[in-house]
Structure formats: structure tokens, C-alpha cells
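Colleague: Contents of input21.txt (compact mmCIF, C-alpha atoms) are given next:
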```
# COMPACT_ATOMS: atom_id res chain seq x y z
CA MET K 1 -0.84 39.28 -4.78
CA PRO K 2 -3.68 36.70 -4.71
CA ARG K 3 -2.75 33.09 -3.99
CA GLY K 4 -4.42 29.71 -3.89
CA PRO K 5 -7.06 28.27 -6.20
CA VAL K 6 -7.30 31.43 -8.34
CA TYR K 7 -4.16 30.34 -10.19
CA ASP K 8 -5.30 26.72 -10.27
CA ASN K 9 -8.56 27.77 -11.94
CA VAL K 10 -6.81 29.96 -14.51
CA LEU K 11 -4.35 27.21 -15.41
CA ARG K 12 -7.16 24.66 -15.68
CA ARG K 13 -8.88 26.91 -18.21
CA LEU K 14 -5.63 27.38 -20.11
CA ALA K 15 -5.13 23.59 -20.18
CA ALA K 16 -8.69 23.10 -21.44
CA ASP K 17 -7.90 25.13 -24.59
CA ASP K 18 -5.06 22.87 -25.74
CA LEU K 19 -4.18 20.17 -23.25
CA ALA K 20 -1.82 18.30 -25.57
CA THR K 21 0.31 21.41 -26.15
CA LEU K 22 0.57 22.11 -22.43
CA LEU K 23 1.54 18.49 -21.68
CA ARG K 24 4.18 18.45 -24.43
CA TRP K 25 5.60 21.73 -23.12
CA LEU K 26 5.83 20.08 -19.68
CA GLY K 27 7.97 17.34 -21.24
CA GLN K 28 5.30 14.66 -21.58
CA GLU K 29 4.88 12.44 -24.63
CA VAL K 30 1.46 12.62 -26.23
CA HIS K 31 0.74 9.91 -28.82
CA ARG K 32 -3.01 10.22 -29.34
CA PRO K 33 -5.77 12.65 -28.50
CA VAL K 34 -5.54 13.46 -24.81
CA GLU K 35 -8.55 12.57 -22.69
CA ARG K 36 -9.12 14.94 -19.81
CA LEU K 37 -10.30 13.07 -16.72
CA SER K 38 -12.06 14.30 -13.62
CA GLU K 39 -9.63 15.94 -11.22
CA SER K 40 -11.84 15.00 -8.27
CA LEU K 41 -10.15 12.58 -5.87
CA PRO K 42 -12.78 11.41 -3.39
CA ALA K 43 -11.75 11.28 0.25
CA SER K 44 -11.24 7.89 1.77
CA GLY K 45 -12.72 6.89 5.10
CA ARG K 46 -10.22 4.05 5.40
CA PHE K 47 -8.31 3.13 8.51
CA VAL K 48 -5.01 1.27 8.59
CA ASP K 49 -4.82 -1.94 10.61
CA LEU K 50 -1.79 -0.98 12.69
CA LEU K 51 0.46 2.09 12.87
CA ALA K 52 3.26 2.32 15.41
CA ARG K 53 6.25 4.55 16.13
CA THR K 54 9.20 2.23 16.70
CA ALA K 55 11.83 4.92 17.25
CA PRO K 56 12.05 8.69 16.88
CA GLY K 57 11.18 9.48 13.27
CA ARG K 58 10.38 5.82 12.37
CA LEU K 59 6.87 4.51 11.77
CA VAL K 60 5.69 1.01 10.91
CA HIS K 61 2.38 0.46 9.16
CA VAL K 62 1.04 -3.12 9.11
CA GLU K 63 -1.92 -4.38 7.11
CA PHE K 64 -3.45 -7.79 7.88
CA VAL K 65 -5.05 -9.44 4.85
CA THR K 66 -6.70 -12.80 4.33
CA ALA K 67 -6.34 -12.61 0.56
CA VAL K 68 -4.25 -10.34 -1.64
CA GLU K 69 -6.65 -8.41 -3.88
CA PRO K 70 -5.37 -6.83 -7.12
CA ASP K 71 -5.75 -3.30 -5.71
CA LEU K 72 -3.79 -3.97 -2.49
CA PRO K 73 -0.44 -2.55 -3.69
CA TYR K 74 -2.23 0.67 -4.69
CA ARG K 75 -4.07 0.87 -1.37
CA MET K 76 -0.72 0.50 0.37
CA LEU K 77 0.61 3.41 -1.68
CA GLU K 78 -2.42 5.49 -0.74
CA TYR K 79 -1.95 4.62 2.94
CA ARG K 80 1.73 5.55 2.72
CA ALA K 81 0.93 8.96 1.26
CA ARG K 82 -1.71 9.66 3.92
CA ILE K 83 0.59 8.57 6.75
CA MET K 84 3.44 10.67 5.37
CA ARG K 85 1.19 13.74 5.25
CA LEU K 86 0.11 13.22 8.86
CA HIS K 87 3.63 12.54 10.10
CA LEU K 88 5.82 14.86 8.07
CA GLY K 89 9.50 13.95 7.96
CA GLU K 90 9.09 10.51 9.52
CA VAL K 91 10.21 7.37 7.68
CA VAL K 92 7.39 4.89 7.01
CA THR K 93 8.00 1.15 6.67
CA GLN K 94 5.06 -0.90 5.45
CA VAL K 95 4.44 -4.58 6.18
CA VAL K 96 1.64 -6.73 4.75
CA LEU K 97 0.84 -9.83 6.78
CA VAL K 98 -0.90 -12.25 4.42
CA ILE K 99 -2.70 -14.96 6.40
CA GLY K 100 -4.42 -16.54 3.41
CA THR K 101 -4.13 -16.62 -0.35
CA GLY K 102 -2.31 -14.57 -2.93
CA THR K 103 1.13 -13.10 -3.16
CA MET K 104 1.90 -9.51 -2.28
CA PRO K 105 4.67 -8.02 -4.41
CA GLU K 106 7.53 -6.31 -2.58
CA VAL K 107 7.75 -3.47 -5.08
CA LEU K 108 5.10 -1.42 -6.83
CA THR K 109 6.35 0.38 -9.90
CA ASN K 110 4.74 2.73 -12.34
CA GLY K 111 7.17 3.23 -15.20
CA ASP K 112 10.37 4.99 -14.17
CA ASP K 113 8.58 7.60 -12.07
CA LEU K 114 7.54 5.58 -9.03
CA THR K 115 8.89 2.79 -6.92
CA ALA K 116 7.28 1.96 -3.59
CA ARG K 117 8.45 -0.91 -1.41
CA CYS K 118 6.65 -2.89 1.25
CA HIS K 119 7.61 -5.98 3.21
CA PRO K 120 5.18 -8.87 2.68
CA VAL K 121 5.06 -11.72 5.17
CA HIS K 122 3.12 -14.73 3.89
CA VAL K 123 2.23 -16.79 6.97
CA ARG K 124 1.89 -19.93 4.81
CA ASP K 125 5.68 -19.75 4.20
CA VAL K 126 6.66 -19.39 7.87
CA ASP K 127 8.02 -22.29 9.92
CA PRO K 128 5.26 -23.03 12.48
CA ALA K 129 7.86 -23.77 15.17
CA GLU K 130 8.90 -20.11 15.02
CA LEU K 131 5.32 -19.06 15.79
CA LEU K 132 4.73 -21.68 18.48
CA ALA K 133 7.83 -20.48 20.35
CA THR K 134 6.05 -17.24 21.35
CA PRO K 135 2.59 -17.20 22.97
CA ALA K 136 1.63 -13.98 21.20
CA LEU K 137 2.31 -15.57 17.79
CA ALA K 138 1.11 -19.13 18.49
CA PRO K 139 -2.43 -18.50 17.14
CA LEU K 140 -0.89 -18.01 13.68
CA ALA K 141 0.84 -21.43 13.71
CA PRO K 142 -2.07 -23.39 12.17
CA LEU K 143 -1.92 -21.01 9.20
CA ALA K 144 1.82 -21.51 8.73
CA ARG K 145 3.65 -24.00 6.55
CA ALA K 146 2.13 -27.45 7.10
CA THR K 147 2.74 -30.73 5.36
CA ASP K 148 -0.91 -31.87 5.32
CA ARG K 149 -4.28 -31.48 7.05
CA GLY K 150 -3.24 -33.70 9.97
CA HIS K 151 -0.15 -31.57 10.55
CA ARG K 152 -2.31 -28.42 10.51
CA GLU K 153 -4.65 -29.96 13.10
CA ARG K 154 -1.67 -30.82 15.34
CA LEU K 155 -0.46 -27.23 15.01
CA LEU K 156 -3.87 -25.97 16.11
CA ARG K 157 -3.85 -28.21 19.19
CA GLU K 158 -0.30 -27.09 20.01
CA ALA K 159 -1.24 -23.43 19.59
CA LEU K 160 -4.18 -23.85 21.95
CA ARG K 161 -1.90 -25.44 24.52
```
Take the structure from the file and write it as C-alpha cells.

Modeller:
Amino acid sequence: MPRGPVYDNVLRRLAADDLATLLRWLGQEVHRPVERLSESLPASGRFVDLLARTAPGRLVHVEFVTAVEPDLPYRMLEYRARIMRLHLGEVVTQVVLVIGTGTMPEVLTNGDDLTARCHPVHVRDVDPAELLATPALAPLAPLARATDRGHRERLLREALR
């Protein structure tokens, strides 16, 4: 029995005849004329900023951003899906390290059908003393919570020390 895209092509043609009927039969609400969109999903040449295995079956994906753009939660979802396909069965935790402006939401929802969680860390909210206590994190201290410009300058000097 043939498999693969033969069935996809036949079902696409069937859907083209009466898309609304097919969608209703599949349990979807249709309130207006249905607009068929392109099924093409272009490949992405994107790379993640950091991906690490922290234990057997546990992955951490970290993105470093200077500003939270409106599409960032959706990019994170795309990254999650790609990582999950490459590392089947492994649990993926996502962290967004925001070193500049904007606020990254912890949860992305799309109705009742999707909930995706990430762990944002906004450097501007971090106590600079916590960063200065570790040489590897000290360069982030000037970007952390500061009372004024003079305080930020002192943090920079301390980080350089």
C-alpha cells in the first residue's frame, strides 16, 4: 500500500473542494468564509545562542537578547520545537537572558491549545552584588539594578577589578 505524500496530496485536494466542511467535521468552529493559506513553512537558518545538556535527558537552551522584540516568544517556541526534534525524548528548559530593554513573558499561550513556558532573567532586576561575587558574571554587573548613573559607573569599575 502506498504511503507518504500521496495521501497528503489527495487530502489537500479534498480539502480544497469544501474546506469549511472538512474543518467543521474535524471539530473546528468556522464563523466566516475560510481563507486557505500557503502550507509552505520556509526553513530557518537560525542558530540558538546556547544549548547544553545538564544531566541525562535534560537540555537547557539560553537566548541572550539586548531588547525583547514582539516576536521573541514565538521564536523561542520555534527553537523549542527544533531542539525537541533533534533530541527526541529529552526535556528542554528555556531561559532568556535580557540584558537591555523589554519584558519577556514567562508563558506563551495560544487559546486553550498551547502553553509554552520559558524562564526570563532580566539583568536590570538583579542585585549587582550577586554578579560581582563571581568573576564569570562580573561583566554583567554594570547592567544590573543601579540607583543612578554614578552607581552604574562604580559597578563598571568594580567589575573590571

Colleague: Provide the atom CA of His61 of chain K to atom CA of Arg80 of chain K distance in Å, to one decimal place.

Modeller: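 Atom CA of Arg80 of chain K lies at a distance of 8.2 Å from atom CA of His61 of chain K.
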
Colleague: Please write as a list in words the list of polymer residues whose atoms come within 12 Å of (-1.0, 3.9, -10.4), counting all atoms listed in the file and keeping to the coordinates of the file.

Modeller: Asp71, Leu72, Pro73, Tyr74, Arg75, Met76, Leu77, Glu78, Leu108, Thr109, Asn110, Gly111, Asp113, Leu114, Thr115 and Ala116 of chain K

Colleague: Restricting the calculation to only C-alpha atoms, which member of K:Leu11, K:Leu22, K:Val62, K:Ala16 is positioned closest to Leu37 of chain K?

Modeller: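 Under the stated criterion, the closest residue is K:Ala16.
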
Colleague: Where's the centre, and what are the edge lengths in Å to one decimal, of a box along x, y and z enclosing all listed atoms of segment 46-51 of chain K padded 5 Å per side, as AutoDock Vina command-line options?

Modeller:
```
--center_x -4.9 --center_y 1.1 --center_z 9.1 --size_x 20.7 --size_y 16.0 --size_z 17.5
```

Colleague: Atom CA of Ala67 of chain K and atom CA of Arg145 of chain K, how far apart in Å?

Modeller: 16.3 Å

Colleague: Leaving out Ala52 of chain K and any residue of its chain fewer than 6 positions from it, which residues lie within 12 Å of it when counting all atoms listed in the file, given as a list of chain:residue names?

Modeller: K:Arg58, K:Leu59, K:Val60, K:His61, K:Val62, K:Glu63, K:Ile83, K:His87, K:Glu90, K:Val91, K:Val92, K:Thr93, K:Gln94, K:Val95

Colleague: Give me the residues within 9 Å of Pro139 of chain K as a list in words, counting all atoms listed in the file and dropping any in the same chain fewer than 4 places off.

Modeller: Leu131, Leu132, Pro135, Leu143, Leu156, Ala159 and Leu160 of chain K

Colleague: How would the residues just chosen look if you wrote them out with C-alpha atoms as a compact mmCIF listing (two decimals), keeping the file's coordinate frame?

Modeller:
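Once written, part18.txt looks like this:
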```txt
# COMPACT_ATOMS: atom_id res chain seq x y z
CA LEU K 131 5.32 -19.06 15.79
CA LEU K 132 4.73 -21.68 18.48
CA PRO K 135 2.59 -17.20 22.97
CA LEU K 143 -1.92 -21.01 9.20
CA LEU K 156 -3.87 -25.97 16.11
CA ALA K 159 -1.24 -23.43 19.59
CA LEU K 160 -4.18 -23.85 21.95
```

Colleague: With distances taken over all atoms listed in the file, which of K:Glu106, K:Pro120, K:Glu39, K:Ile99 is nearest to Asp8 of chain K?

Modeller: K:Glu39

Colleague: Please, could N, CA, C and O atoms be added to segment 91-102 of chain K and the result written as a PDB file, in the frame of the given file?

Modeller:
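After the write, part_22.pdb holds the following:
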```pdb
ATOM      1  N   VAL K  91      10.026   8.449   8.639  1.00  0.00           N
ATOM      2  CA  VAL K  91      10.210   7.370   7.680  1.00  0.00           C
ATOM      3  C   VAL K  91       9.159   6.292   7.949  1.00  0.00           C
ATOM      4  O   VAL K  91       8.986   5.846   9.086  1.00  0.00           O
ATOM      5  N   VAL K  92       8.458   5.868   6.895  1.00  0.00           N
ATOM      6  CA  VAL K  92       7.390   4.890   7.010  1.00  0.00           C
ATOM      7  C   VAL K  92       7.842   3.563   6.389  1.00  0.00           C
ATOM      8  O   VAL K  92       8.245   3.527   5.230  1.00  0.00           O
ATOM      9  N   THR K  93       7.774   2.504   7.178  1.00  0.00           N
ATOM     10  CA  THR K  93       8.000   1.150   6.670  1.00  0.00           C
ATOM     11  C   THR K  93       6.646   0.454   6.664  1.00  0.00           C
ATOM     12  O   THR K  93       5.896   0.545   7.637  1.00  0.00           O
ATOM     13  N   GLN K  94       6.341  -0.223   5.556  1.00  0.00           N
ATOM     14  CA  GLN K  94       5.060  -0.900   5.450  1.00  0.00           C
ATOM     15  C   GLN K  94       5.256  -2.410   5.379  1.00  0.00           C
ATOM     16  O   GLN K  94       6.133  -2.901   4.672  1.00  0.00           O
ATOM     17  N   VAL K  95       4.416  -3.125   6.143  1.00  0.00           N
ATOM     18  CA  VAL K  95       4.440  -4.580   6.180  1.00  0.00           C
ATOM     19  C   VAL K  95       3.026  -5.074   5.872  1.00  0.00           C
ATOM     20  O   VAL K  95       2.053  -4.533   6.401  1.00  0.00           O
ATOM     21  N   VAL K  96       2.936  -6.087   5.022  1.00  0.00           N
ATOM     22  CA  VAL K  96       1.640  -6.730   4.750  1.00  0.00           C
ATOM     23  C   VAL K  96       1.735  -8.149   5.272  1.00  0.00           C
ATOM     24  O   VAL K  96       2.592  -8.921   4.838  1.00  0.00           O
ATOM     25  N   LEU K  97       0.891  -8.477   6.231  1.00  0.00           N
ATOM     26  CA  LEU K  97       0.840  -9.830   6.780  1.00  0.00           C
ATOM     27  C   LEU K  97      -0.300 -10.575   6.087  1.00  0.00           C
ATOM     28  O   LEU K  97      -1.477 -10.291   6.313  1.00  0.00           O
ATOM     29  N   VAL K  98       0.069 -11.494   5.200  1.00  0.00           N
ATOM     30  CA  VAL K  98      -0.900 -12.250   4.420  1.00  0.00           C
ATOM     31  C   VAL K  98      -1.164 -13.570   5.140  1.00  0.00           C
ATOM     32  O   VAL K  98      -0.275 -14.413   5.239  1.00  0.00           O
ATOM     33  N   ILE K  99      -2.386 -13.733   5.653  1.00  0.00           N
ATOM     34  CA  ILE K  99      -2.700 -14.960   6.400  1.00  0.00           C
ATOM     35  C   ILE K  99      -3.430 -15.979   5.535  1.00  0.00           C
ATOM     36  O   ILE K  99      -3.740 -17.069   5.999  1.00  0.00           O
ATOM     37  N   GLY K 100      -3.695 -15.620   4.292  1.00  0.00           N
ATOM     38  CA  GLY K 100      -4.420 -16.540   3.410  1.00  0.00           C
ATOM     39  C   GLY K 100      -3.767 -16.639   2.051  1.00  0.00           C
ATOM     40  O   GLY K 100      -2.578 -16.905   1.931  1.00  0.00           O
ATOM     41  N   THR K 101      -4.560 -16.366   1.024  1.00  0.00           N
ATOM     42  CA  THR K 101      -4.130 -16.620  -0.350  1.00  0.00           C
ATOM     43  C   THR K 101      -3.567 -15.378  -1.030  1.00  0.00           C
ATOM     44  O   THR K 101      -3.793 -14.257  -0.594  1.00  0.00           O
ATOM     45  N   GLY K 102      -2.871 -15.642  -2.103  1.00  0.00           N
ATOM     46  CA  GLY K 102      -2.310 -14.570  -2.930  1.00  0.00           C
ATOM     47  C   GLY K 102      -0.893 -14.236  -2.526  1.00  0.00           C
ATOM     48  O   GLY K 102      -0.413 -14.648  -1.471  1.00  0.00           O
TER      49      GLY K 102
END
```
